[in-house]
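Q: mmCIF, C-alpha atoms, file structure_8.cif:
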data_start
#
loop_
_atom_site.label_atom_id
_atom_site.label_comp_id
_atom_site.auth_asym_id
_atom_site.auth_seq_id
_atom_site.Cartn_x
_atom_site.Cartn_y
_atom_site.Cartn_z
CA MET A 1 23.96 -3.30 24.06
CA SER A 2 21.48 -3.34 21.19
CA GLN A 3 21.35 0.46 21.45
CA VAL A 4 25.12 0.64 20.95
CA ILE A 5 24.93 -1.59 17.86
CA PHE A 6 22.00 0.42 16.53
CA ASN A 7 23.86 3.74 16.93
CA PHE A 8 26.99 2.29 15.36
CA PHE A 9 25.03 1.25 12.28
CA ARG A 10 23.28 4.59 12.08
CA ARG A 11 26.69 6.22 11.76
CA ASN A 12 27.79 3.63 9.18
CA PRO A 13 24.76 3.14 6.95
CA TYR A 14 26.60 1.44 4.07
CA LEU A 15 28.12 -1.08 6.46
CA PHE A 16 24.66 -1.76 7.82
CA LEU A 17 23.16 -2.26 4.37
CA GLY A 18 26.00 -4.62 3.39
CA THR A 19 25.83 -6.73 6.55
CA SER A 20 22.07 -6.95 6.65
CA THR A 21 21.85 -7.91 2.96
CA LEU A 22 24.35 -10.75 3.53
CA LEU A 23 22.52 -11.87 6.67
CA TRP A 24 19.20 -11.75 4.85
CA PHE A 25 20.36 -13.92 1.96
CA GLY A 26 22.16 -16.30 4.30
CA LEU A 27 19.04 -16.80 6.36
CA TYR A 28 16.86 -17.16 3.27
CA GLN A 29 19.10 -19.96 1.94
CA GLN A 30 18.82 -21.87 5.22
CA LEU A 31 15.03 -21.82 5.57
CA MET A 32 14.41 -25.28 4.06
CA PRO A 33 16.95 -27.19 6.24
CA LEU A 34 15.89 -25.19 9.30
CA SER A 35 12.22 -26.08 8.85
CA GLU A 36 13.10 -29.79 8.39
CA LEU A 37 15.26 -29.61 11.52
CA LEU A 38 12.40 -28.06 13.47
CA VAL A 39 9.91 -30.76 12.39
CA ALA A 40 12.48 -33.50 13.13
CA SER A 41 12.83 -32.17 16.67
CA LEU A 42 9.07 -32.56 17.26
CA PRO A 43 7.47 -35.89 18.18
CA VAL A 44 5.64 -36.02 14.82
CA ALA A 45 6.28 -38.35 11.91
CA ARG A 46 7.59 -36.34 8.93
CA GLU A 47 5.55 -38.46 6.49
CA SER A 48 2.25 -37.93 8.33
CA HIS A 49 -0.35 -35.32 7.32
CA LEU A 50 0.51 -33.26 10.39
CA GLY A 51 4.25 -33.54 9.74
CA GLY A 52 3.79 -32.27 6.19
CA ALA A 53 1.53 -29.45 7.33
CA LEU A 54 3.98 -28.38 10.06
CA GLN A 55 6.96 -28.39 7.69
CA PHE A 56 4.96 -26.26 5.23
CA PHE A 57 4.08 -23.83 8.03
CA PHE A 58 7.63 -23.62 9.45
CA TYR A 59 9.07 -23.02 6.00
CA ASP A 60 6.46 -20.67 4.57
CA THR A 61 5.96 -18.32 7.54
CA PRO A 62 9.60 -17.16 7.91
CA LYS A 63 9.99 -17.11 4.13
CA VAL A 64 7.01 -14.80 3.57
CA LEU A 65 7.90 -12.58 6.54
CA LEU A 66 11.56 -12.35 5.49
CA LEU A 67 10.67 -11.39 1.94
CA LEU A 68 8.06 -8.90 3.07
CA THR A 69 10.40 -7.26 5.60
CA GLY A 70 13.17 -6.96 3.01
CA ILE A 71 10.95 -5.46 0.32
CA VAL A 72 9.12 -3.11 2.71
CA PHE A 73 12.44 -1.88 4.13
CA VAL A 74 13.80 -1.08 0.67
CA MET A 75 10.50 0.62 -0.17
CA GLY A 76 10.76 2.73 3.01
CA ILE A 77 14.14 3.97 1.77
CA ILE A 78 12.79 4.64 -1.74
CA HIS A 79 9.99 6.70 -0.16
CA THR A 80 12.58 9.18 1.14
CA TYR A 81 13.45 10.03 -2.47
CA ILE A 82 9.93 10.42 -3.80
CA SER A 83 7.05 12.30 -2.20
CA PRO A 84 3.49 12.86 -3.48
CA GLU A 85 4.55 16.45 -4.19
CA LYS A 86 7.43 15.33 -6.41
CA THR A 87 5.21 12.85 -8.23
CA ARG A 88 2.65 15.57 -8.81
CA ALA A 89 5.27 17.96 -10.20
CA MET A 90 6.41 15.23 -12.61
CA LEU A 91 2.87 14.58 -13.84
CA ALA A 92 1.59 18.14 -14.19
CA GLY A 93 0.58 18.96 -17.75
CA ARG A 94 1.51 15.54 -19.17
CA LYS A 95 -0.14 14.14 -22.27
CA LEU A 96 -2.58 11.25 -22.21
CA GLY A 97 -0.85 7.91 -22.69
CA VAL A 98 2.71 8.71 -21.63
CA GLY A 99 1.34 10.52 -18.59
CA ASN A 100 -0.87 7.57 -17.64
CA THR A 101 2.02 5.13 -17.88
CA MET A 102 4.18 7.40 -15.73
CA ALA A 103 1.37 7.90 -13.22
CA ALA A 104 0.68 4.18 -12.82
CA THR A 105 4.38 3.37 -12.44
CA LEU A 106 4.94 6.18 -9.93
CA GLY A 107 1.91 4.82 -8.07
CA ILE A 108 4.01 1.80 -7.05
CA PHE A 109 6.78 3.89 -5.50
CA THR A 110 5.02 6.95 -4.08
CA PRO A 111 4.14 6.77 -0.37
CA PHE A 112 0.38 6.39 -0.34
CA CYS A 113 -2.21 5.77 2.34
CA SER A 114 -5.80 5.17 1.30
CA CYS A 115 -6.92 7.68 3.96
CA SER A 116 -5.33 10.49 1.96
CA ALA A 117 -6.64 9.34 -1.42
CA VAL A 118 -9.06 12.27 -1.70
CA PRO A 119 -6.68 15.10 -0.70
CA LEU A 120 -4.19 13.58 -3.11
CA PHE A 121 -6.78 13.44 -5.87
CA ILE A 122 -7.65 17.14 -5.46
CA GLY A 123 -4.01 18.11 -5.02
CA PHE A 124 -3.16 16.52 -8.37
CA LEU A 125 -6.02 18.28 -10.17
CA GLN A 126 -5.12 21.60 -8.53
CA ALA A 127 -1.63 21.44 -9.96
CA GLY A 128 -2.90 20.73 -13.46
CA VAL A 129 -2.49 16.97 -13.63
CA PRO A 130 -5.16 15.85 -16.14
CA LEU A 131 -8.11 13.88 -14.76
CA GLY A 132 -7.37 10.62 -16.61
CA ILE A 133 -3.75 10.64 -15.44
CA THR A 134 -4.83 11.32 -11.85
CA PHE A 135 -7.08 8.26 -12.07
CA SER A 136 -4.26 6.08 -13.38
CA PHE A 137 -2.28 7.00 -10.27
CA LEU A 138 -5.22 6.49 -7.95
CA ILE A 139 -5.98 3.02 -9.34
CA ALA A 140 -2.38 1.77 -9.41
CA ALA A 141 -1.25 3.09 -6.00
CA PRO A 142 -3.30 0.78 -3.77
CA MET A 143 -3.55 -2.17 -6.19
CA VAL A 144 0.03 -2.61 -7.35
CA ASN A 145 1.84 -2.08 -4.08
CA GLU A 146 4.92 -3.66 -2.56
CA VAL A 147 2.94 -5.72 -0.03
CA ALA A 148 0.80 -7.39 -2.70
CA LEU A 149 3.84 -8.03 -4.89
CA ALA A 150 5.98 -9.37 -2.03
CA LEU A 151 3.25 -11.76 -0.91
CA LEU A 152 2.53 -13.04 -4.42
CA PHE A 153 6.24 -13.48 -5.01
CA ALA A 154 6.71 -15.39 -1.76
CA MET A 155 3.72 -17.68 -2.27
CA PHE A 156 3.45 -18.23 -6.03
CA GLY A 157 6.87 -17.26 -7.44
CA TRP A 158 8.21 -14.32 -9.44
CA GLN A 159 6.35 -15.18 -12.66
CA ILE A 160 2.97 -14.70 -10.99
CA ALA A 161 4.13 -11.55 -9.16
CA GLY A 162 5.49 -10.17 -12.45
CA LEU A 163 2.28 -10.94 -14.30
CA TYR A 164 0.24 -9.27 -11.56
CA LEU A 165 2.49 -6.20 -11.79
CA LEU A 166 2.16 -5.97 -15.58
CA LEU A 167 -1.58 -6.58 -15.73
CA GLY A 168 -2.30 -4.35 -12.70
CA LEU A 169 -0.40 -1.51 -14.35
CA SER A 170 -2.25 -2.13 -17.63
CA VAL A 171 -5.63 -1.86 -15.89
CA ALA A 172 -4.57 1.44 -14.27
CA ILE A 173 -3.15 2.88 -17.50
CA ILE A 174 -6.02 1.85 -19.78
CA ALA A 175 -8.76 2.81 -17.31
CA GLY A 176 -7.09 6.24 -16.91
CA VAL A 177 -6.82 6.74 -20.68
CA ILE A 178 -10.51 5.85 -21.15
CA ILE A 179 -11.64 8.20 -18.37
CA GLY A 180 -9.41 10.93 -19.84
CA LYS A 181 -10.81 10.42 -23.36
CA LEU A 182 -14.39 10.62 -22.11
CA GLY A 183 -13.79 14.21 -20.90
CA MET A 184 -15.55 13.75 -17.59
CA GLU A 185 -14.23 16.94 -15.94
CA LYS A 186 -17.76 18.38 -15.66
CA HIS A 187 -18.72 15.42 -13.49
CA LEU A 188 -16.39 16.50 -10.73
CA GLU A 189 -18.18 18.16 -7.82
CA ASP A 190 -18.45 21.90 -8.49
CA TRP A 191 -16.09 23.05 -5.75
CA VAL A 192 -13.46 20.66 -7.10
CA GLN A 193 -13.92 21.98 -10.65
CA THR A 194 -13.17 25.51 -9.49
CA MET A 195 -9.98 24.30 -7.85
CA GLN A 196 -8.58 22.70 -11.01
CA ASN A 197 -5.38 24.34 -12.29
CA THR A 198 -5.28 26.93 -9.52
CA GLN A 199 -1.84 26.09 -8.21
CA THR A 200 1.56 25.50 -9.68
CA ALA A 201 3.12 22.26 -8.62
CA THR A 202 5.81 22.96 -6.09
CA VAL A 203 8.19 20.58 -4.43
CA VAL A 204 8.51 21.29 -0.75
CA ASP A 205 11.38 19.25 0.56
CA THR A 206 14.43 19.45 -1.65
CA LYS A 207 17.03 19.44 1.11
CA ALA A 208 19.38 16.46 1.14
CA MET A 209 18.58 13.79 3.69
CA PRO A 210 21.35 11.99 5.59
CA TRP A 211 21.51 8.22 5.07
CA SER A 212 20.81 7.58 8.73
CA ALA A 213 17.44 9.30 8.32
CA ARG A 214 16.69 7.20 5.23
CA LEU A 215 17.45 4.05 7.21
CA ASP A 216 15.20 5.30 10.01
CA ASN A 217 12.43 5.68 7.46
CA GLY A 218 13.04 2.11 6.28
CA PHE A 219 12.75 0.83 9.87
CA ALA A 220 9.64 2.92 10.50
CA HIS A 221 8.03 1.57 7.32
CA VAL A 222 8.76 -2.03 8.38
CA ALA A 223 7.35 -1.37 11.86
CA GLU A 224 4.23 0.18 10.34
CA ILE A 225 3.51 -2.34 7.57
CA VAL A 226 4.92 -5.64 8.83
CA GLY A 227 3.77 -4.77 12.35
CA LYS A 228 0.24 -4.48 11.02
CA VAL A 229 0.03 -7.38 8.57
CA TRP A 230 1.92 -10.25 10.23
CA PRO A 231 -1.15 -11.73 11.97
CA TYR A 232 -2.98 -11.96 8.61
CA ILE A 233 -0.02 -13.70 7.07
CA ILE A 234 0.28 -16.25 9.84
CA VAL A 235 -3.46 -16.96 9.70
CA GLY A 236 -3.23 -17.30 5.92
CA ILE A 237 -0.33 -19.72 5.99
CA ALA A 238 -1.81 -21.70 8.88
CA LEU A 239 -5.03 -21.97 6.88
CA GLY A 240 -3.08 -23.06 3.83
CA ALA A 241 -1.19 -25.63 5.91
CA ALA A 242 -4.34 -26.86 7.62
CA ILE A 243 -6.25 -27.56 4.42
CA HIS A 244 -3.09 -29.10 2.90
CA GLY A 245 -4.37 -32.63 2.44
CA TYR A 246 -7.46 -32.41 4.65
CA VAL A 247 -10.02 -30.66 2.45
CA PRO A 248 -10.45 -32.20 -1.02
CA GLU A 249 -8.30 -30.24 -3.47
CA ASP A 250 -11.10 -29.81 -5.99
CA PHE A 251 -13.57 -28.43 -3.44
CA MET A 252 -13.80 -25.04 -5.20
CA ALA A 253 -12.90 -26.29 -8.67
CA SER A 254 -16.45 -26.53 -9.99
CA ILE A 255 -17.33 -22.90 -9.05
CA MET A 256 -13.99 -21.08 -9.31
CA GLY A 257 -11.73 -23.58 -11.08
CA LYS A 258 -10.41 -23.52 -14.64
CA ASP A 259 -13.43 -25.35 -16.02
CA ALA A 260 -15.93 -23.24 -14.12
CA PRO A 261 -18.60 -21.41 -16.17
CA TRP A 262 -17.58 -18.12 -17.84
CA TRP A 263 -19.35 -16.00 -15.23
CA SER A 264 -17.11 -17.12 -12.37
CA VAL A 265 -14.62 -14.26 -13.01
CA PRO A 266 -17.21 -11.43 -13.03
CA ALA A 267 -18.89 -13.03 -10.01
CA ALA A 268 -15.56 -13.01 -8.14
CA VAL A 269 -15.10 -9.30 -8.97
CA LEU A 270 -18.62 -8.52 -7.78
CA MET A 271 -18.04 -10.39 -4.55
CA GLY A 272 -14.93 -8.35 -3.87
CA VAL A 273 -16.63 -4.92 -3.95
CA PRO A 274 -18.37 -4.90 -0.54
CA MET A 275 -15.22 -6.26 1.10
CA TYR A 276 -12.76 -3.71 2.40
CA THR A 277 -9.29 -4.76 3.38
CA ASN A 278 -5.71 -4.33 2.26
CA ALA A 279 -3.50 -6.69 0.27
CA ALA A 280 -2.40 -8.57 3.37
CA GLY A 281 -5.95 -9.02 4.59
CA VAL A 282 -7.07 -10.89 1.46
CA ILE A 283 -4.09 -13.20 1.45
CA PRO A 284 -5.64 -15.76 3.87
CA ILE A 285 -8.67 -15.97 1.56
CA VAL A 286 -6.51 -16.21 -1.55
CA GLU A 287 -4.42 -18.94 0.03
CA ALA A 288 -7.53 -20.90 1.08
CA LEU A 289 -9.27 -20.55 -2.32
CA ILE A 290 -6.24 -21.64 -4.31
CA GLY A 291 -5.61 -24.52 -1.91
CA LYS A 292 -9.10 -25.75 -2.69
CA GLY A 293 -8.72 -25.75 -6.44
CA ALA A 294 -9.84 -22.27 -7.52
CA ALA A 295 -8.16 -20.93 -10.66
CA LEU A 296 -5.44 -18.31 -10.13
CA GLY A 297 -6.97 -15.74 -12.50
CA THR A 298 -10.35 -15.88 -10.81
CA VAL A 299 -8.76 -15.51 -7.37
CA LEU A 300 -6.49 -12.64 -8.45
CA ALA A 301 -9.46 -10.84 -10.00
CA PHE A 302 -11.20 -11.20 -6.66
CA MET A 303 -8.09 -9.86 -4.87
CA MET A 304 -7.76 -6.84 -7.19
CA SER A 305 -11.45 -6.07 -6.77
CA VAL A 306 -11.22 -6.17 -2.97
CA ILE A 307 -8.27 -3.75 -2.98
CA ALA A 308 -9.16 -1.39 -5.85
CA LEU A 309 -12.95 -1.26 -5.68
CA SER A 310 -14.35 -0.99 -2.20
CA ALA A 311 -17.66 0.43 -1.06
CA PRO A 312 -16.21 2.63 1.74
CA GLU A 313 -13.69 4.17 -0.65
CA MET A 314 -16.49 4.97 -3.11
CA LEU A 315 -18.31 6.81 -0.33
CA ILE A 316 -15.25 9.01 0.29
CA LEU A 317 -14.76 9.60 -3.44
CA ARG A 318 -18.43 10.62 -3.69
CA LYS A 319 -17.42 13.85 -1.88
CA VAL A 320 -15.44 14.92 -4.95
CA LEU A 321 -17.04 13.00 -7.84
CA LYS A 322 -20.59 13.17 -9.15
CA PRO A 323 -22.44 9.84 -9.46
CA LYS A 324 -21.85 9.54 -13.20
CA LEU A 325 -18.08 9.75 -12.82
CA ILE A 326 -18.08 7.27 -9.91
CA GLY A 327 -20.14 4.90 -12.06
CA THR A 328 -17.74 5.26 -14.99
CA PHE A 329 -14.77 4.71 -12.68
CA ILE A 330 -16.25 1.51 -11.23
CA GLY A 331 -17.36 0.22 -14.61
CA VAL A 332 -14.02 0.79 -16.35
CA VAL A 333 -11.92 -0.65 -13.52
CA ALA A 334 -14.21 -3.67 -13.01
CA MET A 335 -14.07 -4.42 -16.73
CA GLY A 336 -10.28 -4.22 -16.68
CA ILE A 337 -10.06 -6.59 -13.71
CA VAL A 338 -12.39 -9.12 -15.35
CA ILE A 339 -10.19 -9.12 -18.45
CA VAL A 340 -7.11 -9.63 -16.25
CA GLY A 341 -8.84 -12.61 -14.63
CA TYR A 342 -9.56 -14.24 -18.01
CA VAL A 343 -6.03 -13.57 -19.29
CA PHE A 344 -4.49 -15.11 -16.14
CA ASN A 345 -6.70 -18.19 -16.44
CA LEU A 346 -5.64 -18.59 -20.07
CA LEU A 347 -1.91 -18.15 -19.42
CA VAL A 348 -1.33 -20.03 -16.17
CA MET B 1 0.72 31.29 22.40
CA LYS B 2 1.38 28.82 19.58
CA ASN B 3 -1.54 27.71 17.46
CA PHE B 4 -1.45 24.17 16.09
CA LYS B 5 -3.84 22.71 13.54
CA VAL B 6 -3.85 19.01 12.64
CA LEU B 7 -5.22 18.44 9.15
CA GLY B 8 -6.81 15.10 8.38
CA THR B 9 -10.05 13.42 7.45
CA GLY B 10 -10.27 11.45 10.66
CA CYS B 11 -7.98 8.45 10.23
CA ALA B 12 -6.10 6.85 13.11
CA ASN B 13 -2.84 8.56 12.18
CA CYS B 14 -4.44 11.99 12.67
CA LYS B 15 -5.54 11.11 16.18
CA THR B 16 -2.06 9.85 17.01
CA THR B 17 -0.58 13.11 15.74
CA MET B 18 -2.98 15.16 17.90
CA LYS B 19 -1.99 13.16 20.95
CA LEU B 20 1.74 13.50 20.20
CA ILE B 21 1.50 17.29 20.13
CA GLU B 22 -0.73 17.39 23.20
CA ASP B 23 1.62 15.17 25.21
CA ALA B 24 4.77 17.00 24.12
CA ALA B 25 3.27 20.36 25.10
CA ALA B 26 2.09 18.99 28.43
CA ALA B 27 5.53 17.50 29.13
CA LYS B 28 7.15 20.89 28.51
CA GLY B 29 4.45 22.75 30.41
CA GLU B 30 3.74 24.94 27.42
CA ALA B 31 0.21 26.19 26.84
CA ILE B 32 -0.86 25.80 23.18
CA VAL B 33 -4.01 26.00 21.11
CA LEU B 34 -4.64 22.71 19.32
CA GLU B 35 -7.36 22.31 16.68
CA LYS B 36 -8.40 19.51 14.39
CA VAL B 37 -9.37 20.37 10.83
CA GLU B 38 -11.45 17.70 9.13
CA ASP B 39 -13.14 19.70 6.40
CA LEU B 40 -11.71 18.74 3.01
CA GLN B 41 -11.99 22.17 1.44
CA THR B 42 -10.12 23.80 4.31
CA ILE B 43 -7.43 21.12 4.20
CA MET B 44 -6.97 21.68 0.48
CA GLN B 45 -6.60 25.43 1.00
CA PHE B 46 -3.41 24.70 2.93
CA GLY B 47 -2.13 22.80 -0.11
CA VAL B 48 -1.59 19.61 1.87
CA MET B 49 -1.97 16.43 -0.18
CA SER B 50 -1.02 13.70 2.20
CA THR B 51 -2.55 13.67 5.63
CA PRO B 52 -2.03 14.08 8.51
CA GLY B 53 -0.59 17.55 8.07
CA VAL B 54 0.42 19.96 10.81
CA VAL B 55 0.00 23.74 10.62
CA LEU B 56 1.89 25.91 13.12
CA ASN B 57 0.75 29.55 13.34
CA GLY B 58 -0.76 29.40 9.86
CA LYS B 59 2.23 27.74 8.18
CA VAL B 60 2.37 24.08 7.07
CA VAL B 61 5.29 22.47 8.92
CA HIS B 62 4.58 18.82 8.25
CA ALA B 63 2.62 16.56 5.89
CA GLY B 64 2.21 12.90 5.06
CA GLY B 65 2.34 10.76 8.17
CA ILE B 66 2.87 10.82 11.89
CA PRO B 67 5.69 13.26 12.76
CA SER B 68 8.56 11.92 14.87
CA LYS B 69 8.72 12.85 18.54
CA ALA B 70 11.87 14.91 17.94
CA THR B 71 10.11 16.87 15.19
CA VAL B 72 7.15 17.63 17.43
CA GLU B 73 9.47 18.81 20.19
CA SER B 74 11.31 21.10 17.78
CA TRP B 75 8.03 22.99 17.21
CA LEU B 76 7.81 23.76 20.91
CA ASN B 77 10.37 25.56 22.99
#
So that I can check it, write out the structure of this file as structure tokens.
A:
Amino acid sequence: MSQVIFNFFRRNPYLFLGTSTLLWFGLYQQLMPLSELLVASLPVARESHLGGALQFFFYDTPKVLLLLTGIVFVMGIIHTYISPEKTRAMLAGRKLGVGNTMAATLGIFTPFCSCSAVPLFIGFLQAGVPLGITFSFLIAAPMVNEVALALLFAMFGWQIAGLYLLLGLSVAIIAGVIIGKLGMEKHLEDWVQTMQNTQTATVVDTKAMPWSARLDNGFAHVAEIVGKVWPYIIVGIALGAAIHGYVPEDFMASIMGKDAPWWSVPAAVLMGVPMYTNAAGVIPIVEALIGKGAALGTVLAFMMSVIALSAPEMLILRKVLKPKLIGTFIGVVAMGIVIVGYVFNLLV
Amino acid sequence: MKNFKVLGTGCANCKTTMKLIEDAAAAKGEAIVLEKVEDLQTIMQFGVMSTPGVVLNGKVVHAGGIPSKATVESWLN
């Protein structure tokens, strides 16, 4: 039966998109009453600590998962229009500044897996994408991704997600411009230097894709991403719900709160470097820290540092970059993240 | 005999791709040569930017993710 429905929708992609969008919004509207209904059906007093925690959990979990699934699905469809090869062709030979902005923005939409960061890096240089612009892409792609944005949006609202997007892009753009200005090409490993500008950027797949295949890619993306991150999200929300009212709210305030000493932001960035996980993996920690009174800017700086600056990734990059360039890369990005942390703390 | 090379720096997706090709060939009873290429410089010489990539008889036929089962089967006869 489900197979029949599935095949029907594959033949009528627009109908599928219309129906599922309506269903999605309908469900999203009903989350609050549904969660209250669920708590009411349990033998727990709504006014009790446990009742409040359960309602928070029953409302937040489907909300975050629904938002994430929707955004990841749309991103899976967008990925069928834009490949790393197309992005590279668009960036080849661009000027500093405009090129960096384009690179960082394309970093959000281009399919990217951190395991192919190095081949991508060399591939860009080979086709004549300038070094600084390549870095802008490489910094933005993992940091400002749809999973991070969807989770921030679901948990803290669109203003925070928007601010993260803007500041994350700024870090990527400015760090790339600085690295470009410093003329660090000679600090690439020698075999990489000889490969620079040896290829013309070509776009491999230009053939039109049927909509059913684009939908398939959307489904595959959801299965891949949401299938991997849902346990982290549930742990994160459960943690958030559990400390809701049990742990004193100002537990972290003196070290990571708004009135914490000035060094709390750099310390958070430093702490994030040895940790290696994706956006979804840090969310439980973010949720717990904020629940205990840590300031948003300090926590987001920590989150950016975990995603963008990780020790294992540096080890892989060491294969193509000489120590001086790695050091510059870390220094510039860390500085940018610290500034973002301070700005967030000032604004929010 | 067909010669397959899977290009990738050793992530989980590359191993899955190897297994997909192996299984599809075994299911069809076709004998193939299957190699794994992990060396970055060799991978770059094929012009592949997003791994895993698949090379069939010296020609890149796939890049950037695990190929679908139908795609793998289309490479075999």
Q: Would you list which chain A residues are within 7 Å of chain B using all atoms listed in the file, as a PyMOL selection string?
A: chain A and resi 115-116+119-120+123
Q: Step by step, gather every atom of segment 43-60 of chain B that the file lists, find the box along x, y and z that holds them, add 8 Å on each side, and finally give centre and edge lengths in Å to one decimal, as AutoDock Vina command-line options.
A:
--center_x -2.5 --center_y 21.6 --center_z 6.6 --size_x 25.8 --size_y 31.9 --size_z 29.5
Q: Given only C-alpha atoms as the basis, pick out the residue of A:Leu138, A:Glu85, A:Ile234, A:His187 nearest to Ala63 of chain B.
A: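 Nearest to Ala63 of chain B: A:Glu85.
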Q: Do you know which residues are at most 9 Å from segment 237-239 of chain A counting all atoms listed in the file, after dropping those on the same chain fewer than 2 positions away, and could you put them as a list in words?
A: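 After dropping sequence-adjacent residues, the list is Ala53, Leu54, Phe56, Phe57, Asp60, Thr61, Tyr232, Ile233, Ile234, Val235, Ala241, Ala242, Ile243, His244, Ile283, Pro284, Ile285, Glu287 and Ala288 of chain A.
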Q: Go ahead and compute the interatomic distance for atom CA of Leu23 of chain A and atom CA of Val39 of chain A, in Å to one decimal.
A: 23.4 Å
Q: Which residue gives the smallest distance to Ser68 of chain B among B:Ile32, B:Ala24, B:Val6, B:Met1, with all atoms listed in the file counted?
A: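 Selected residue with least distance to Ser68 of chain B: B:Ala24.
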Q: Find the distance between atom CA of Gln193 of chain A and atom CA of Val332 of chain A and write it in Å to one decimal.
A: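 Answer for the atom CA of Gln193 of chain A to atom CA of Val332 of chain A separation: 21.9 Å.
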Q: List the residues selected by the PyMOL selection byres ((chain A and resi 212-217) around 6) in the file shown, writing them as a VMD selection string.
A: chain A and resid 10 76 to 77 210 to 211 218 to 220
